[in-house]
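J.: Sharing input.cif below, mmCIF, C-alpha atoms:
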data_final
#
loop_
_atom_site.label_atom_id
_atom_site.label_comp_id
_atom_site.auth_asym_id
_atom_site.auth_seq_id
_atom_site.Cartn_x
_atom_site.Cartn_y
_atom_site.Cartn_z
CA MET A 15 47.32 -7.60 -7.46
CA VAL A 16 45.42 -4.38 -8.10
CA ILE A 17 46.48 -1.16 -6.40
CA TRP A 18 43.65 1.37 -6.77
CA ILE A 19 44.84 4.89 -5.88
CA LEU A 20 42.00 7.38 -5.79
CA GLY A 21 41.25 10.97 -4.92
CA LYS A 22 40.15 14.31 -6.30
CA SER A 23 41.86 16.12 -9.16
CA GLY A 24 45.29 17.45 -8.30
CA VAL A 25 45.71 15.50 -5.06
CA GLY A 26 48.76 13.48 -6.21
CA LYS A 27 47.34 10.15 -7.44
CA THR A 28 49.61 9.90 -10.46
CA PHE A 29 52.63 11.04 -8.46
CA TYR A 30 52.23 8.24 -5.91
CA ALA A 31 51.23 5.68 -8.55
CA THR A 32 54.42 6.43 -10.47
CA LYS A 33 56.51 6.02 -7.32
CA VAL A 34 54.85 2.65 -6.61
CA PHE A 35 55.35 1.63 -10.26
CA ASN A 36 59.07 2.41 -10.02
CA TYR A 37 59.34 0.46 -6.76
CA PHE A 38 57.99 -2.69 -8.43
CA LYS A 39 59.82 -2.09 -11.70
CA ASN A 40 63.11 -2.07 -9.79
CA LYS A 41 62.16 -5.49 -8.42
CA ASN A 42 61.69 -6.84 -11.97
CA LYS A 43 57.96 -7.36 -11.53
CA LYS A 44 55.45 -7.33 -14.37
CA ILE A 45 53.62 -4.11 -13.66
CA PHE A 46 51.35 -1.73 -15.51
CA LEU A 47 50.34 1.80 -14.52
CA ILE A 48 46.94 3.07 -15.61
CA ASP A 49 46.59 6.82 -15.26
CA GLY A 50 42.91 7.77 -15.41
CA ASP A 51 43.55 10.89 -17.52
CA GLU A 52 45.73 9.02 -20.03
CA PHE A 53 43.29 6.12 -20.20
CA ARG A 54 40.47 8.55 -20.95
CA LYS A 55 42.58 10.29 -23.60
CA TYR A 56 43.42 7.11 -25.54
CA ILE A 57 40.84 4.44 -24.65
CA SER A 58 37.77 6.27 -23.36
CA ASN A 59 37.98 9.29 -25.65
CA ASP A 60 34.40 8.59 -26.70
CA LEU A 61 33.19 9.59 -23.22
CA GLY A 62 32.38 12.92 -21.64
CA TYR A 63 32.38 13.88 -17.97
CA SER A 64 28.80 13.13 -16.98
CA LYS A 65 28.30 10.75 -14.05
CA LYS A 66 27.23 8.04 -16.50
CA ASP A 67 30.36 8.46 -18.64
CA ARG A 68 32.60 8.56 -15.56
CA LYS A 69 31.08 5.28 -14.42
CA ILE A 70 31.67 3.66 -17.82
CA ASN A 71 35.29 4.84 -17.76
CA THR A 72 35.82 3.46 -14.25
CA LEU A 73 34.38 0.10 -15.29
CA ARG A 74 36.63 0.02 -18.36
CA ILE A 75 39.64 0.64 -16.15
CA ARG A 76 38.53 -2.13 -13.78
CA ASN A 77 38.08 -4.52 -16.72
CA PHE A 78 41.55 -3.66 -17.97
CA CYS A 79 42.95 -4.28 -14.48
CA ASN A 80 41.22 -7.66 -14.51
CA TYR A 81 42.88 -8.50 -17.83
CA LEU A 82 46.28 -7.47 -16.48
CA VAL A 83 45.88 -9.52 -13.29
CA ASN A 84 44.93 -12.57 -15.37
CA GLU A 85 48.20 -12.05 -17.27
CA ASP A 86 50.13 -12.00 -13.95
CA PHE A 87 50.72 -8.26 -13.90
CA ILE A 88 50.44 -5.96 -10.94
CA ALA A 89 47.96 -3.28 -12.01
CA ILE A 90 48.16 0.21 -10.54
CA ALA A 91 45.21 2.48 -11.30
CA ALA A 92 45.40 6.19 -10.48
CA ILE A 93 41.78 7.25 -10.84
CA GLN A 94 39.17 9.52 -9.29
CA SER A 95 36.80 6.56 -8.78
CA ILE A 96 33.79 8.41 -7.37
CA PHE A 97 31.50 5.37 -7.13
CA PRO A 98 31.59 3.58 -3.75
CA ALA A 99 29.65 0.62 -5.20
CA ILE A 100 32.43 -0.02 -7.72
CA GLN A 101 35.03 0.25 -4.96
CA ARG A 102 33.13 -2.39 -2.92
CA GLU A 103 32.82 -4.63 -5.98
CA ASN A 104 36.57 -4.31 -6.60
CA LYS A 105 37.24 -5.79 -3.16
CA LYS A 106 35.12 -8.81 -4.11
CA ILE A 107 36.43 -9.24 -7.66
CA PHE A 108 40.17 -9.06 -7.02
CA LYS A 109 41.85 -11.56 -4.67
CA LYS A 110 44.58 -9.05 -3.90
CA TYR A 111 43.16 -5.55 -3.93
CA ILE A 112 44.62 -2.52 -2.19
CA GLN A 113 42.71 0.75 -2.13
CA ILE A 114 44.60 3.91 -1.23
CA ASN A 115 42.54 7.05 -0.71
CA ILE A 116 44.37 10.34 -1.01
CA ARG A 117 42.83 13.54 0.30
CA PRO A 118 44.23 17.06 0.26
CA LYS A 119 45.26 18.68 3.53
CA ASN A 120 42.49 21.19 3.02
CA ASP A 121 39.71 21.12 0.49
CA GLU A 122 41.41 23.62 -1.77
CA ILE A 123 42.66 21.60 -4.73
CA ALA A 124 44.68 23.22 -7.48
CA TYR A 125 41.75 23.21 -9.90
CA LYS A 126 43.53 25.70 -12.11
CA LYS A 127 46.02 22.95 -12.93
CA SER A 128 43.29 20.44 -13.64
CA TYR A 129 42.27 19.21 -17.04
CA PHE A 130 38.85 20.82 -16.68
CA PHE A 131 40.13 24.37 -16.60
CA LYS A 132 42.53 23.77 -19.47
CA LYS A 133 39.53 22.73 -21.50
CA ASN A 134 37.37 25.45 -19.97
CA ILE A 135 34.88 22.87 -18.67
CA LYS A 136 33.43 24.28 -15.48
CA ARG A 137 30.91 21.63 -14.48
CA ASN A 138 31.03 18.02 -13.36
CA ILE A 139 34.24 18.64 -11.45
CA VAL A 140 34.84 16.01 -8.81
CA GLY A 141 34.89 17.65 -5.41
CA LYS A 142 33.12 20.76 -6.63
CA ASP A 143 30.05 19.62 -8.56
CA LEU A 144 30.21 15.86 -8.06
CA LYS A 145 30.16 14.21 -4.65
CA PHE A 146 33.32 12.37 -3.70
CA SER A 147 33.19 10.07 -0.69
CA PRO A 148 35.17 6.87 -1.15
CA ILE A 149 34.74 3.82 1.05
CA LYS A 150 37.36 3.25 3.71
CA GLY A 151 40.55 2.17 2.01
CA ASP A 152 43.42 0.02 3.13
CA LEU A 153 45.19 3.33 3.61
CA ASN A 154 43.73 6.82 3.86
CA ILE A 155 46.36 9.53 3.59
CA ILE A 156 46.29 13.30 3.63
CA ASN A 157 48.64 14.80 1.08
CA ASP A 158 49.94 18.29 1.55
CA HIS A 159 52.76 17.71 -0.95
CA LYS A 160 55.30 18.31 1.83
CA ASN A 161 55.14 14.92 3.55
CA TYR A 162 55.25 12.87 0.38
CA LYS A 163 58.19 10.72 1.55
CA MET A 164 56.34 9.70 4.70
CA ASN A 165 53.15 9.05 2.68
CA LEU A 166 55.08 6.97 0.15
CA LYS A 167 56.58 4.89 2.96
CA LEU A 168 53.07 4.28 4.37
CA ILE A 169 51.80 3.25 0.94
CA LEU A 170 54.67 0.83 0.33
CA ASP A 171 54.29 -0.64 3.83
CA VAL A 172 50.61 -1.40 3.20
CA ILE A 173 51.41 -2.93 -0.19
CA ARG A 174 54.14 -5.14 1.26
CA LYS A 175 51.85 -6.32 4.08
CA LYS A 176 48.92 -7.04 1.80
CA SER A 177 51.01 -8.74 -0.89
CA ILE A 178 52.39 -11.26 1.63
CA LYS A 179 48.90 -12.52 2.54
#
Could you express the structure from this file as structure tokens?

T.:
Amino acid sequence: MVIWILGKSGVGKTFYATKVFNYFKNKNKKIFLIDGDEFRKYISNDLGYSKKDRKINTLRIRNFCNYLVNEDFIAIAAIQSIFPAIQRENKKIFKKYIQINIRPKNDEIAYKKSYFFKKNIKRNIVGKDLKFSPIKGDLNIINDHKNYKMNLKLILDVIRKKSIK
């Protein structure tokens, strides 16, 4: 199974992915969490932040998920994933694929906390410079960081339903 958690920078992808990881880990499942920022740091460190490089990175993450699934792991990817075509392809490639779209309550994301401002990169920021409009997911949640328990319950409910099929 692949659980693809996507959204803009700072919206809480890694937070929810970690919670889902811990849920499965406590059930003694083979599970692997791929954080898009960490993956880029160690595996895709040859790439920049152009649309082309972002696409290559997303495809690398998908390929790694495919490897994990073939090894009977549950793969959780916390990634911006700005390419709707790749999202549609994921649904075809993976037998069990769950896409969770996370949006902020308002469009003000904490960009100051983002990687881009730490590195003083002020272009190609998803949600500011790059268009972000994911396809409809299995779950579309709005995260205001106050209702995270309710959002987590919704996420786990969708995963449980989809994993039974």

J.: Restricting the calculation to all atoms listed in the file, which member of A:Ser23, A:Ile90, A:Lys33, A:Tyr56 is positioned closest to Asn165 of chain A?

T.: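 That would be A:Lys33, the residue with the smallest distance to Asn165 of chain A.
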
J.: Any idea what's packed within 9 Å of Asn157 of chain A, counting all atoms listed in the file, ignoring anything in its chain fewer than 5 positions away? Could you give it as a short mmCIF file (atom, residue, chain, number, x, y, z; two decimals) with C-alpha atoms, in the coordinates of the input?

T.:
data_model
loop_
_atom_site.label_atom_id
_atom_site.label_comp_id
_atom_site.auth_asym_id
_atom_site.auth_seq_id
_atom_site.Cartn_x
_atom_site.Cartn_y
_atom_site.Cartn_z
CA VAL A 25 45.71 15.50 -5.06
CA GLY A 26 48.76 13.48 -6.21
CA ILE A 116 44.37 10.34 -1.01
CA ARG A 117 42.83 13.54 0.30
CA PRO A 118 44.23 17.06 0.26
CA LYS A 119 45.26 18.68 3.53
CA TYR A 162 55.25 12.87 0.38
CA ASN A 165 53.15 9.05 2.68
#

J.: Using Å and a single decimal, report how far atom CA of Ile112 of chain A sits from atom CA of Leu168 of chain A.

T.: 12.7 Å

J.: Could you list as a short mmCIF file (atom, residue, chain, number, x, y, z; two decimals) with C-alpha atoms, keeping the file's coordinate frame every residue that has an atom within 10 Å of (29.4, 8.5, -9.1), using the file's coordinates and counting only C-alpha atoms?

T.:
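Below you can see part-v9.cif, which holds the result:
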data_model
loop_
_atom_site.label_atom_id
_atom_site.label_comp_id
_atom_site.auth_asym_id
_atom_site.auth_seq_id
_atom_site.Cartn_x
_atom_site.Cartn_y
_atom_site.Cartn_z
CA SER A 64 28.80 13.13 -16.98
CA LYS A 65 28.30 10.75 -14.05
CA LYS A 66 27.23 8.04 -16.50
CA ASP A 67 30.36 8.46 -18.64
CA ARG A 68 32.60 8.56 -15.56
CA LYS A 69 31.08 5.28 -14.42
CA THR A 72 35.82 3.46 -14.25
CA GLN A 94 39.17 9.52 -9.29
CA SER A 95 36.80 6.56 -8.78
CA ILE A 96 33.79 8.41 -7.37
CA PHE A 97 31.50 5.37 -7.13
CA PRO A 98 31.59 3.58 -3.75
CA ALA A 99 29.65 0.62 -5.20
CA ILE A 100 32.43 -0.02 -7.72
CA VAL A 140 34.84 16.01 -8.81
CA LEU A 144 30.21 15.86 -8.06
CA LYS A 145 30.16 14.21 -4.65
CA PHE A 146 33.32 12.37 -3.70
CA SER A 147 33.19 10.07 -0.69
CA PRO A 148 35.17 6.87 -1.15
#

J.: Do you know which residues are at most 12 Å from Thr28 of chain A counting all atoms listed in the file, after dropping those on the same chain fewer than 5 positions away, and could you put them as a PDB file with C-alpha atoms, in the frame of the given file?

T.:
ATOM      1  CA  TRP A  18      43.650   1.370  -6.770  1.00  0.00           C
ATOM      2  CA  ILE A  19      44.840   4.890  -5.880  1.00  0.00           C
ATOM      3  CA  LEU A  20      42.000   7.380  -5.790  1.00  0.00           C
ATOM      4  CA  GLY A  21      41.250  10.970  -4.920  1.00  0.00           C
ATOM      5  CA  LYS A  22      40.150  14.310  -6.300  1.00  0.00           C
ATOM      6  CA  SER A  23      41.860  16.120  -9.160  1.00  0.00           C
ATOM      7  CA  LYS A  33      56.510   6.020  -7.320  1.00  0.00           C
ATOM      8  CA  VAL A  34      54.850   2.650  -6.610  1.00  0.00           C
ATOM      9  CA  PHE A  35      55.350   1.630 -10.260  1.00  0.00           C
ATOM     10  CA  LEU A  47      50.340   1.800 -14.520  1.00  0.00           C
ATOM     11  CA  ILE A  48      46.940   3.070 -15.610  1.00  0.00           C
ATOM     12  CA  ASP A  49      46.590   6.820 -15.260  1.00  0.00           C
ATOM     13  CA  GLY A  50      42.910   7.770 -15.410  1.00  0.00           C
ATOM     14  CA  ASP A  51      43.550  10.890 -17.520  1.00  0.00           C
ATOM     15  CA  GLU A  52      45.730   9.020 -20.030  1.00  0.00           C
ATOM     16  CA  ILE A  90      48.160   0.210 -10.540  1.00  0.00           C
ATOM     17  CA  ALA A  91      45.210   2.480 -11.300  1.00  0.00           C
ATOM     18  CA  ALA A  92      45.400   6.190 -10.480  1.00  0.00           C
ATOM     19  CA  ILE A  93      41.780   7.250 -10.840  1.00  0.00           C
ATOM     20  CA  GLN A  94      39.170   9.520  -9.290  1.00  0.00           C
ATOM     21  CA  ILE A 116      44.370  10.340  -1.010  1.00  0.00           C
TER      22      ILE A 116
END

J.: Have a look at atom CA of Lys105 of chain A and atom CA of Gly62 of chain A and let me know their distance in Å, one decimal.

T.: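 Atom-to-atom, atom CA of Lys105 of chain A to atom CA of Gly62 of chain A, that is 26.7 Å.
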
J.: Quick one: distance from atom CA of Tyr81 of chain A to atom CA of Ile17 of chain A in Å, one decimal?

T.: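 Calculated distance between atom CA of Tyr81 of chain A and atom CA of Ile17 of chain A is 14.1 Å.
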
J.: Counting all atoms listed in the file, find the residues whose atoms lie at most 12 Å from (51.4, -5.8, -13.4) (file coordinates) and write them out as an MDAnalysis selection string.

T.: chainID A and resid 15:17 34:36 38:39 41:48 78:91
